[in-house]
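Student: Below is the structure I would like to discuss, written out as structure tokens.
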Amino acid sequence: MTSQTYWAEHAWLNGTVEPGVVLATSPEGRITTVHPGVPGPPVGAVSLRGLTVPGLANAHSHAFHRALRGTTQVGSGTFWTWRSGMYDIAARLTPDTAFALARAVYAEMALAGVTAVGEFHYVHHQPGGTPYESPRAMAEALIAAAAQAGIRITLLDTCYLAAGFGREPEPLQRRFSDGTAARWAERAAALHAAHDGRAGPAGEEAAVRVGAAIHSVRAVPAPALAEVAEWAAAREAPLHVHLSEQPAENEDCLRAHGRTPAALLAEHGVLGPRTTAVHATHLTPEDTALLGRTGTRACLCPTTERDLADGIGPAGELRRAGSPLCLGSDSHAVIDLFEEARALELNERLRTLTRGHFTAAQLLRAAGEEGHAALGRPDCGRLEVGCLADFATVALDTVRTAGTAPRLATEAVVFAATGADVRHTVVGGRHIVREGAHQLVPDVPGALRRAIEAVRTSR
């Protein structure tokens, strides 16, 4: 890959909208120049009309859940009834169909300005639990899918060992389990050694990170929690965990261990600045304080949490306690990080009957910089010299954004724009989406349709 120069009509630089910003990138995919106040594009520069912001980070994804979009909206139910449909899709996946679906889903993310995804991956083995000939086949399919879609991936290899407290995996869950934490660690270590820190196909740095995940305290017995945490700590790898997504999880944990899931995780050394608690919807005040005190991050997924009727997470309380917030689209009911971001503020307004809990700048950082940090890339999410050259440009002349003064462009983008308003996405200095068209996956809707049909019709 060669160096490239971009000219942004407007750019968001550390909370301020600046006009006419030149962004130059190195062959390795880092920003080498940030020069505001340039009235027009220099010779040879690629023009980015609109507001250019740091690339967005989708910090929590289950790519295969995208196949459920639209199919679960008939009738009523809860998270637990939705889960049965999700398990049916999980049972049908193969490495080939998982690759095709993830490639299309990650391309959809790129169209919406996402430059990095955290894939919370737990479909490890064949149906029934027998490993593939290559035990890393499913994980490597996802890594390859991200490369072909042109975005970065943090593959969060997930430990999943039980159906609930003291319960063996059910038949549909056996392909998620390695049997023991030690066998999970052995497989994850081989994946980490092969892929962590790997460059992208065009030579861009840090295209792949490999981290760890604890599916939940329901799915990982208490003695194994420390093993997963120690694995991540030894490699300074990101560690994610589903936490208190459902009241039933809290109730079952209290019955089994006499403490909340957050307290159980703390007791086994799971919490800390490299750990991200996903959802964290049903926390006690003591849990919230514990996450903040340990510097544990929280990844909220508002569009999924409302789609599944999970509840509204305590975003304001977590931020005040000291937990950095990031965002994910989780089940991909929609893929739109602007919608996830504004939901933090709008949900707080509904809950408290007051406005002004988060500024647009704080929400944009949650959708970008904080998410990248949670995925193991603290040098991403800012338009600064030395940072990874990942950015997205949002049009300011659509029916949702037109008429806004440039100084208020951040507010217009965060509170009114959608992923459909993204015109350009650049990853590692490489133009992945140009004028709303994906450069590597020409027909993203067609790719999605074909991949989803292949999964649904497979046996």
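Letters for chains follow the order of the structure tokens (A, B, ...), residue numbers begin at 1 for each chain, and ligand numbers begin at 1 in the order shown.
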Identify, on the basis of only C-alpha atoms, every residue whose closest approach to A:Thr457 does not exceed 12 Å; exclude the query and any residue fewer than 2 positions from it along the same chain; express the result as JSON, numbers by chain.

Tutor: {"A": [67, 88, 89, 91, 92, 93, 97, 450, 451, 452, 453, 454, 455, 459]}

Student: What parts of stretch 300-409 of chain A does DSSP call strand (DSSP E)? I'd like the answer as a list in words.

Tutor: Leu300, Leu325, Cys326, Leu327, Phe391, Ala392, Thr393 and Val394 of chain A

Student: Restricting the calculation to only C-alpha atoms, which member of A:Val426, A:Ile151, A:Leu172, A:Leu101 is positioned closest to A:Gln126?

Tutor: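 The shortest atom-to-atom distance to A:Gln126 comes from A:Leu172.
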
Student: Looking at only C-alpha atoms, which of A:Glu119, A:Glu245, A:Glu345, A:Glu236 is the one that sits closest to A:Val414?

Tutor: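 When distances to A:Val414 are compared using only C-alpha atoms, the smallest one comes from A:Glu345.
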
Student: I'd like the contact shell of stretch 439-445 of chain A - 9 Å cut-off, only C-alpha atoms, skipping same-chain residues fewer than 6 positions apart - returned as a list in words.

Tutor: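 Contacts, with the query itself left out: Arg103, Ala104, Val105, Ala107, Glu108, Leu111, Gln148, Ala149, Gly150, His431, Ile432 and Val433 of chain A.
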
Student: Kindly provide the residues of stretch 95-175 of chain A that approach stretch 390-408 of chain A to within 12 Å, each paired with its closest atom pair and their distance in Å to one decimal, based on only C-alpha atoms, listed by chain and increasing number, as JSON lines.

Tutor:
{"residue": "A:Met109", "atom": "CA", "partner": "A:Ala392", "partner_atom": "CA", "distance": 11.5}
{"residue": "A:Ala110", "atom": "CA", "partner": "A:Ala392", "partner_atom": "CA", "distance": 9.0}
{"residue": "A:Leu111", "atom": "CA", "partner": "A:Ala392", "partner_atom": "CA", "distance": 9.4}
{"residue": "A:Ala112", "atom": "CA", "partner": "A:Ala392", "partner_atom": "CA", "distance": 8.6}
{"residue": "A:Gly113", "atom": "CA", "partner": "A:Ala392", "partner_atom": "CA", "distance": 5.2}
{"residue": "A:Val114", "atom": "CA", "partner": "A:Ala392", "partner_atom": "CA", "distance": 7.8}
{"residue": "A:Thr115", "atom": "CA", "partner": "A:Asp390", "partner_atom": "CA", "distance": 6.4}
{"residue": "A:Ala116", "atom": "CA", "partner": "A:Asp390", "partner_atom": "CA", "distance": 8.9}
{"residue": "A:Gly150", "atom": "CA", "partner": "A:Asp390", "partner_atom": "CA", "distance": 11.1}
{"residue": "A:Ile151", "atom": "CA", "partner": "A:Asp390", "partner_atom": "CA", "distance": 9.4}
{"residue": "A:Arg152", "atom": "CA", "partner": "A:Asp390", "partner_atom": "CA", "distance": 9.7}

Student: With all heavy atoms retained, could you export that selection as an mmCIF file, in the first residue's frame?

Tutor:
data_model
loop_
_atom_site.group_PDB
_atom_site.id
_atom_site.type_symbol
_atom_site.label_atom_id
_atom_site.label_comp_id
_atom_site.auth_asym_id
_atom_site.auth_seq_id
_atom_site.Cartn_x
_atom_site.Cartn_y
_atom_site.Cartn_z
ATOM 1 N N MET A 109 -21.305 -3.201 7.871
ATOM 2 C CA MET A 109 -20.732 -2.320 8.889
ATOM 3 C C MET A 109 -19.878 -1.229 8.259
ATOM 4 O O MET A 109 -19.970 -0.048 8.631
ATOM 5 C CB MET A 109 -19.899 -3.129 9.880
ATOM 6 C CG MET A 109 -20.694 -4.052 10.768
ATOM 7 S SD MET A 109 -19.605 -4.902 11.950
ATOM 8 C CE MET A 109 -20.726 -6.167 12.568
ATOM 9 N N ALA A 110 -19.028 -1.615 7.303
ATOM 10 C CA ALA A 110 -18.169 -0.619 6.652
ATOM 11 C C ALA A 110 -19.009 0.460 5.977
ATOM 12 O O ALA A 110 -18.661 1.647 6.027
ATOM 13 C CB ALA A 110 -17.252 -1.301 5.634
ATOM 14 N N LEU A 111 -20.108 0.078 5.356
ATOM 15 C CA LEU A 111 -20.989 1.059 4.735
ATOM 16 C C LEU A 111 -21.546 2.045 5.755
ATOM 17 O O LEU A 111 -21.889 3.175 5.410
ATOM 18 C CB LEU A 111 -22.148 0.351 4.021
ATOM 19 C CG LEU A 111 -21.803 -0.405 2.734
ATOM 20 C CD1 LEU A 111 -23.018 -1.179 2.253
ATOM 21 C CD2 LEU A 111 -21.310 0.541 1.647
ATOM 22 N N ALA A 112 -21.631 1.631 7.004
ATOM 23 C CA ALA A 112 -22.146 2.481 8.077
ATOM 24 C C ALA A 112 -21.038 3.183 8.860
ATOM 25 O O ALA A 112 -21.294 3.735 9.929
ATOM 26 C CB ALA A 112 -23.009 1.659 9.029
ATOM 27 N N GLY A 113 -19.795 3.172 8.345
ATOM 28 C CA GLY A 113 -18.697 3.893 8.974
ATOM 29 C C GLY A 113 -17.923 3.123 10.011
ATOM 30 O O GLY A 113 -17.037 3.680 10.670
ATOM 31 N N VAL A 114 -18.217 1.840 10.164
ATOM 32 C CA VAL A 114 -17.504 1.005 11.145
ATOM 33 C C VAL A 114 -16.179 0.557 10.537
ATOM 34 O O VAL A 114 -16.143 0.007 9.429
ATOM 35 C CB VAL A 114 -18.352 -0.216 11.544
ATOM 36 C CG1 VAL A 114 -17.536 -1.185 12.398
ATOM 37 C CG2 VAL A 114 -19.607 0.238 12.294
ATOM 38 N N THR A 115 -15.100 0.774 11.265
ATOM 39 C CA THR A 115 -13.775 0.376 10.786
ATOM 40 C C THR A 115 -13.170 -0.775 11.579
ATOM 41 O O THR A 115 -12.134 -1.314 11.187
ATOM 42 C CB THR A 115 -12.804 1.571 10.814
ATOM 43 O OG1 THR A 115 -12.681 2.048 12.166
ATOM 44 C CG2 THR A 115 -13.304 2.706 9.924
ATOM 45 N N ALA A 116 -13.803 -1.154 12.700
ATOM 46 C CA ALA A 116 -13.305 -2.273 13.505
ATOM 47 C C ALA A 116 -14.472 -2.928 14.210
ATOM 48 O O ALA A 116 -15.399 -2.252 14.670
ATOM 49 C CB ALA A 116 -12.271 -1.802 14.535
ATOM 50 N N GLY A 150 -12.641 -5.534 4.453
ATOM 51 C CA GLY A 150 -11.807 -4.347 4.592
ATOM 52 C C GLY A 150 -11.835 -3.683 5.944
ATOM 53 O O GLY A 150 -11.428 -2.526 6.068
ATOM 54 N N ILE A 151 -12.293 -4.390 7.002
ATOM 55 C CA ILE A 151 -12.293 -3.782 8.328
ATOM 56 C C ILE A 151 -11.408 -4.585 9.278
ATOM 57 O O ILE A 151 -11.057 -5.734 9.012
ATOM 58 C CB ILE A 151 -13.714 -3.632 8.906
ATOM 59 C CG1 ILE A 151 -14.330 -4.983 9.284
ATOM 60 C CG2 ILE A 151 -14.614 -2.876 7.933
ATOM 61 C CD1 ILE A 151 -15.647 -4.856 10.046
ATOM 62 N N ARG A 152 -11.052 -3.959 10.375
ATOM 63 C CA ARG A 152 -10.259 -4.629 11.406
ATOM 64 C C ARG A 152 -11.166 -5.527 12.245
ATOM 65 O O ARG A 152 -12.356 -5.255 12.391
ATOM 66 C CB ARG A 152 -9.590 -3.599 12.320
ATOM 67 C CG ARG A 152 -8.700 -2.607 11.591
ATOM 68 C CD ARG A 152 -8.047 -1.641 12.570
ATOM 69 N NE ARG A 152 -7.452 -0.514 11.860
ATOM 70 C CZ ARG A 152 -6.251 -0.520 11.297
ATOM 71 N NH1 ARG A 152 -5.504 -1.605 11.390
ATOM 72 N NH2 ARG A 152 -5.789 0.545 10.664
#

Student: Could I get the residues of stretch 187-272 of chain A with an atom no further than 8 Å from an atom of stretch 376-380 of chain A, each paired with its nearest atom pair and that distance in Å to one decimal, using only C-alpha atoms, sorted by chain and residue number, as a tab-separated table?

Tutor:
residue	atom	partner	partner_atom	distance
A:Arg209	CA	A:Gly376	CA	7.1
A:Ala237	CA	A:Gly376	CA	6.8
A:Pro238	CA	A:Gly376	CA	5.7

Student: Take the selection from the previous step and output its residues with C-alpha atoms, as an mmCIF file, in the first residue's frame.

Tutor:
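Written file, again_11.cif:
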data_model
loop_
_atom_site.group_PDB
_atom_site.id
_atom_site.type_symbol
_atom_site.label_atom_id
_atom_site.label_comp_id
_atom_site.auth_asym_id
_atom_site.auth_seq_id
_atom_site.Cartn_x
_atom_site.Cartn_y
_atom_site.Cartn_z
ATOM 1 C CA ARG A 209 -6.291 -8.821 17.368
ATOM 2 C CA ALA A 237 -5.333 -9.231 25.473
ATOM 3 C CA PRO A 238 -8.819 -7.728 25.665
#

Student: Which residue, A:Ala373, A:Val123, A:Ala262, A:Ala389, has the smallest gap to A:Ser3 when you use only C-alpha atoms?

Tutor: A:Ala389

Student: Write out as a compact mmCIF listing (two decimals) with all heavy atoms, in the first residue's frame the residues lying within 12 Å of A:Arg30, counting only C-alpha atoms and excluding same-chain residues fewer than 5 positions away.

Tutor:
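Just written: selection-v8.txt:
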# COMPACT_ATOMS: atom_id res chain seq x y z
N MET A 1 0.85 -1.19 0.00
CA MET A 1 0.00 0.00 0.00
C MET A 1 0.88 1.24 0.00
O MET A 1 1.95 1.27 0.61
CB MET A 1 -0.91 0.00 1.24
CG MET A 1 -2.00 1.07 1.20
SD MET A 1 -3.25 0.81 2.49
CE MET A 1 -2.27 1.10 3.97
N THR A 2 0.45 2.27 -0.71
CA THR A 2 1.21 3.52 -0.77
C THR A 2 0.61 4.55 0.16
O THR A 2 -0.49 4.38 0.68
CB THR A 2 1.22 4.06 -2.21
OG1 THR A 2 -0.14 4.34 -2.60
CG2 THR A 2 1.81 3.06 -3.17
N SER A 3 1.36 5.64 0.35
CA SER A 3 0.81 6.74 1.14
C SER A 3 -0.32 7.40 0.36
O SER A 3 -0.39 7.31 -0.87
CB SER A 3 1.91 7.75 1.46
OG SER A 3 2.48 8.23 0.27
N GLN A 4 -1.22 8.08 1.11
CA GLN A 4 -2.39 8.70 0.49
C GLN A 4 -2.69 10.01 1.21
O GLN A 4 -2.45 10.13 2.41
CB GLN A 4 -3.60 7.76 0.58
CG GLN A 4 -4.87 8.29 -0.06
CD GLN A 4 -4.72 8.48 -1.56
OE1 GLN A 4 -4.51 7.54 -2.31
NE2 GLN A 4 -4.79 9.73 -2.01
N THR A 5 -3.21 10.98 0.47
CA THR A 5 -3.61 12.25 1.06
C THR A 5 -5.11 12.45 0.84
O THR A 5 -5.61 12.27 -0.27
CB THR A 5 -2.84 13.43 0.44
OG1 THR A 5 -1.44 13.22 0.66
CG2 THR A 5 -3.27 14.74 1.08
N LEU A 23 -5.51 15.23 5.64
CA LEU A 23 -5.10 14.04 6.39
C LEU A 23 -4.22 13.20 5.47
O LEU A 23 -4.69 12.68 4.46
CB LEU A 23 -6.32 13.22 6.82
CG LEU A 23 -7.33 13.91 7.74
CD1 LEU A 23 -8.62 13.12 7.81
CD2 LEU A 23 -6.74 14.07 9.15
N ALA A 24 -2.94 13.09 5.80
CA ALA A 24 -2.03 12.26 5.02
C ALA A 24 -1.76 10.98 5.77
O ALA A 24 -1.71 10.96 7.01
CB ALA A 24 -0.72 13.01 4.76
N THR A 25 -1.60 9.89 5.03
CA THR A 25 -1.41 8.58 5.66
C THR A 25 -0.14 7.93 5.13
O THR A 25 0.30 8.19 4.00
CB THR A 25 -2.60 7.66 5.38
OG1 THR A 25 -2.65 7.32 4.00
CG2 THR A 25 -3.91 8.34 5.77
N GLY A 203 -1.30 -4.52 3.90
CA GLY A 203 -0.15 -4.18 4.74
C GLY A 203 -0.46 -3.27 5.90
O GLY A 203 0.45 -2.89 6.65
N GLU A 204 -1.74 -2.93 6.12
CA GLU A 204 -2.07 -2.03 7.22
C GLU A 204 -1.84 -2.74 8.56
O GLU A 204 -2.13 -3.92 8.73
CB GLU A 204 -3.52 -1.53 7.11
CG GLU A 204 -4.61 -2.59 7.16
CD GLU A 204 -4.96 -3.16 5.79
OE1 GLU A 204 -4.08 -3.18 4.91
OE2 GLU A 204 -6.11 -3.61 5.61
N GLU A 205 -1.31 -1.98 9.51
CA GLU A 205 -0.96 -2.54 10.81
C GLU A 205 -2.19 -2.94 11.61
O GLU A 205 -3.26 -2.37 11.46
CB GLU A 205 -0.17 -1.51 11.63
CG GLU A 205 1.19 -1.14 11.06
CD GLU A 205 1.92 -0.14 11.94
OE1 GLU A 205 1.69 -0.14 13.15
OE2 GLU A 205 2.70 0.65 11.40
N ALA A 206 -2.00 -3.94 12.50
CA ALA A 206 -2.97 -4.29 13.54
C ALA A 206 -4.36 -4.57 12.99
O ALA A 206 -5.37 -4.22 13.59
CB ALA A 206 -3.05 -3.18 14.59
N ASP A 379 -4.51 3.18 20.06
CA ASP A 379 -3.97 4.15 19.11
C ASP A 379 -4.91 4.35 17.93
O ASP A 379 -4.49 4.65 16.81
CB ASP A 379 -2.60 3.70 18.61
CG ASP A 379 -2.61 2.29 18.02
OD1 ASP A 379 -3.64 1.58 18.18
OD2 ASP A 379 -1.60 1.89 17.43
N CYS A 380 -6.19 4.21 18.17
CA CYS A 380 -7.19 4.36 17.12
C CYS A 380 -8.35 5.17 17.67
O CYS A 380 -8.55 5.24 18.89
CB CYS A 380 -7.67 2.99 16.65
SG CYS A 380 -8.49 3.00 15.04
N GLY A 381 -9.11 5.80 16.79
CA GLY A 381 -10.29 6.54 17.22
C GLY A 381 -10.06 8.02 17.39
O GLY A 381 -10.93 8.73 17.91
N ARG A 382 -8.90 8.52 16.95
CA ARG A 382 -8.60 9.95 16.99
C ARG A 382 -7.95 10.35 15.67
O ARG A 382 -7.14 9.58 15.13
CB ARG A 382 -7.67 10.30 18.15
CG ARG A 382 -8.23 9.96 19.52
CD ARG A 382 -7.25 10.32 20.64
NE ARG A 382 -5.93 9.71 20.48
CZ ARG A 382 -5.64 8.45 20.79
NH1 ARG A 382 -6.59 7.65 21.24
NH2 ARG A 382 -4.41 7.98 20.63
N LEU A 383 -8.26 11.52 15.18
CA LEU A 383 -7.60 12.04 13.98
C LEU A 383 -6.37 12.82 14.43
O LEU A 383 -6.36 14.03 14.50
CB LEU A 383 -8.56 12.91 13.18
CG LEU A 383 -9.83 12.21 12.68
CD1 LEU A 383 -10.68 13.16 11.85
CD2 LEU A 383 -9.49 10.95 11.88
N GLU A 384 -5.32 12.06 14.76
CA GLU A 384 -4.08 12.62 15.27
C GLU A 384 -2.91 11.93 14.58
O GLU A 384 -2.99 10.75 14.21
CB GLU A 384 -3.96 12.41 16.78
CG GLU A 384 -5.00 13.13 17.61
CD GLU A 384 -4.84 12.84 19.10
OE1 GLU A 384 -3.92 12.06 19.45
OE2 GLU A 384 -5.63 13.37 19.89
N VAL A 385 -1.81 12.65 14.46
CA VAL A 385 -0.58 12.07 13.90
C VAL A 385 -0.16 10.88 14.75
O VAL A 385 -0.12 10.95 15.98
CB VAL A 385 0.53 13.13 13.83
CG1 VAL A 385 1.86 12.49 13.44
CG2 VAL A 385 0.16 14.22 12.85
N GLY A 386 0.15 9.78 14.08
CA GLY A 386 0.58 8.57 14.76
C GLY A 386 -0.53 7.56 14.98
O GLY A 386 -0.25 6.38 15.21
N CYS A 387 -1.78 7.99 14.93
CA CYS A 387 -2.90 7.07 15.11
C CYS A 387 -3.16 6.28 13.83
O CYS A 387 -2.76 6.68 12.72
CB CYS A 387 -4.15 7.83 15.51
SG CYS A 387 -4.12 8.43 17.22
N LEU A 388 -3.84 5.16 13.97
CA LEU A 388 -4.24 4.39 12.80
C LEU A 388 -5.16 5.24 11.93
O LEU A 388 -6.04 5.95 12.43
CB LEU A 388 -4.95 3.11 13.24
CG LEU A 388 -4.07 2.10 13.99
CD1 LEU A 388 -4.91 0.98 14.57
CD2 LEU A 388 -2.98 1.54 13.09
N ALA A 389 -4.96 5.17 10.64
CA ALA A 389 -5.68 6.05 9.69
C ALA A 389 -7.03 5.45 9.34
O ALA A 389 -7.27 4.99 8.22
CB ALA A 389 -4.83 6.27 8.44
N ASP A 390 -7.92 5.46 10.32
CA ASP A 390 -9.28 4.95 10.16
C ASP A 390 -10.25 6.10 10.36
O ASP A 390 -10.27 6.72 11.43
CB ASP A 390 -9.58 3.87 11.20
CG ASP A 390 -8.71 2.62 11.06
OD1 ASP A 390 -7.82 2.62 10.19
OD2 ASP A 390 -8.93 1.68 11.82
N PHE A 391 -11.05 6.40 9.35
CA PHE A 391 -12.03 7.47 9.51
C PHE A 391 -13.20 7.26 8.57
O PHE A 391 -13.14 6.45 7.63
CB PHE A 391 -11.40 8.86 9.31
CG PHE A 391 -10.35 8.98 8.24
CD1 PHE A 391 -10.69 9.32 6.94
CD2 PHE A 391 -9.00 8.76 8.54
CE1 PHE A 391 -9.71 9.45 5.95
CE2 PHE A 391 -8.02 8.88 7.55
CZ PHE A 391 -8.38 9.23 6.25
N VAL A 426 -12.58 4.88 5.44
CA VAL A 426 -11.15 4.64 5.19
C VAL A 426 -10.60 3.81 6.34
O VAL A 426 -10.82 4.15 7.52
CB VAL A 426 -10.38 5.97 5.06
CG1 VAL A 426 -8.88 5.73 4.97
CG2 VAL A 426 -10.88 6.75 3.84
N VAL A 427 -9.92 2.73 6.03
CA VAL A 427 -9.32 1.85 7.05
C VAL A 427 -7.84 1.69 6.74
O VAL A 427 -7.47 1.23 5.65
CB VAL A 427 -10.01 0.47 7.08
CG1 VAL A 427 -9.39 -0.40 8.19
CG2 VAL A 427 -11.51 0.61 7.29
N GLY A 428 -7.01 2.11 7.67
CA GLY A 428 -5.56 2.01 7.44
C GLY A 428 -5.11 2.80 6.23
O GLY A 428 -4.16 2.41 5.55
N GLY A 429 -5.79 3.92 5.96
CA GLY A 429 -5.45 4.74 4.81
C GLY A 429 -6.04 4.25 3.50
O GLY A 429 -5.89 4.92 2.47
N ARG A 430 -6.71 3.10 3.52
CA ARG A 430 -7.27 2.52 2.29
C ARG A 430 -8.75 2.86 2.18
O ARG A 430 -9.51 2.69 3.13
CB ARG A 430 -7.06 1.00 2.31
CG ARG A 430 -7.50 0.30 1.02
CD ARG A 430 -6.97 -1.12 0.92
NE ARG A 430 -7.41 -1.99 1.98
CZ ARG A 430 -7.80 -3.27 1.79
NH1 ARG A 430 -7.79 -3.78 0.58
NH2 ARG A 430 -8.16 -4.00 2.81

Student: Give the helix (DSSP H, G or I) residues of stretch 200-413 of chain A, as DSSP finds them on the backbone, and put them as an MDAnalysis selection string.

Tutor: chainID A and resid 222:235 247:257 261:267 285:294 302:307 315:321 337:352 360:367 369:374 406:413
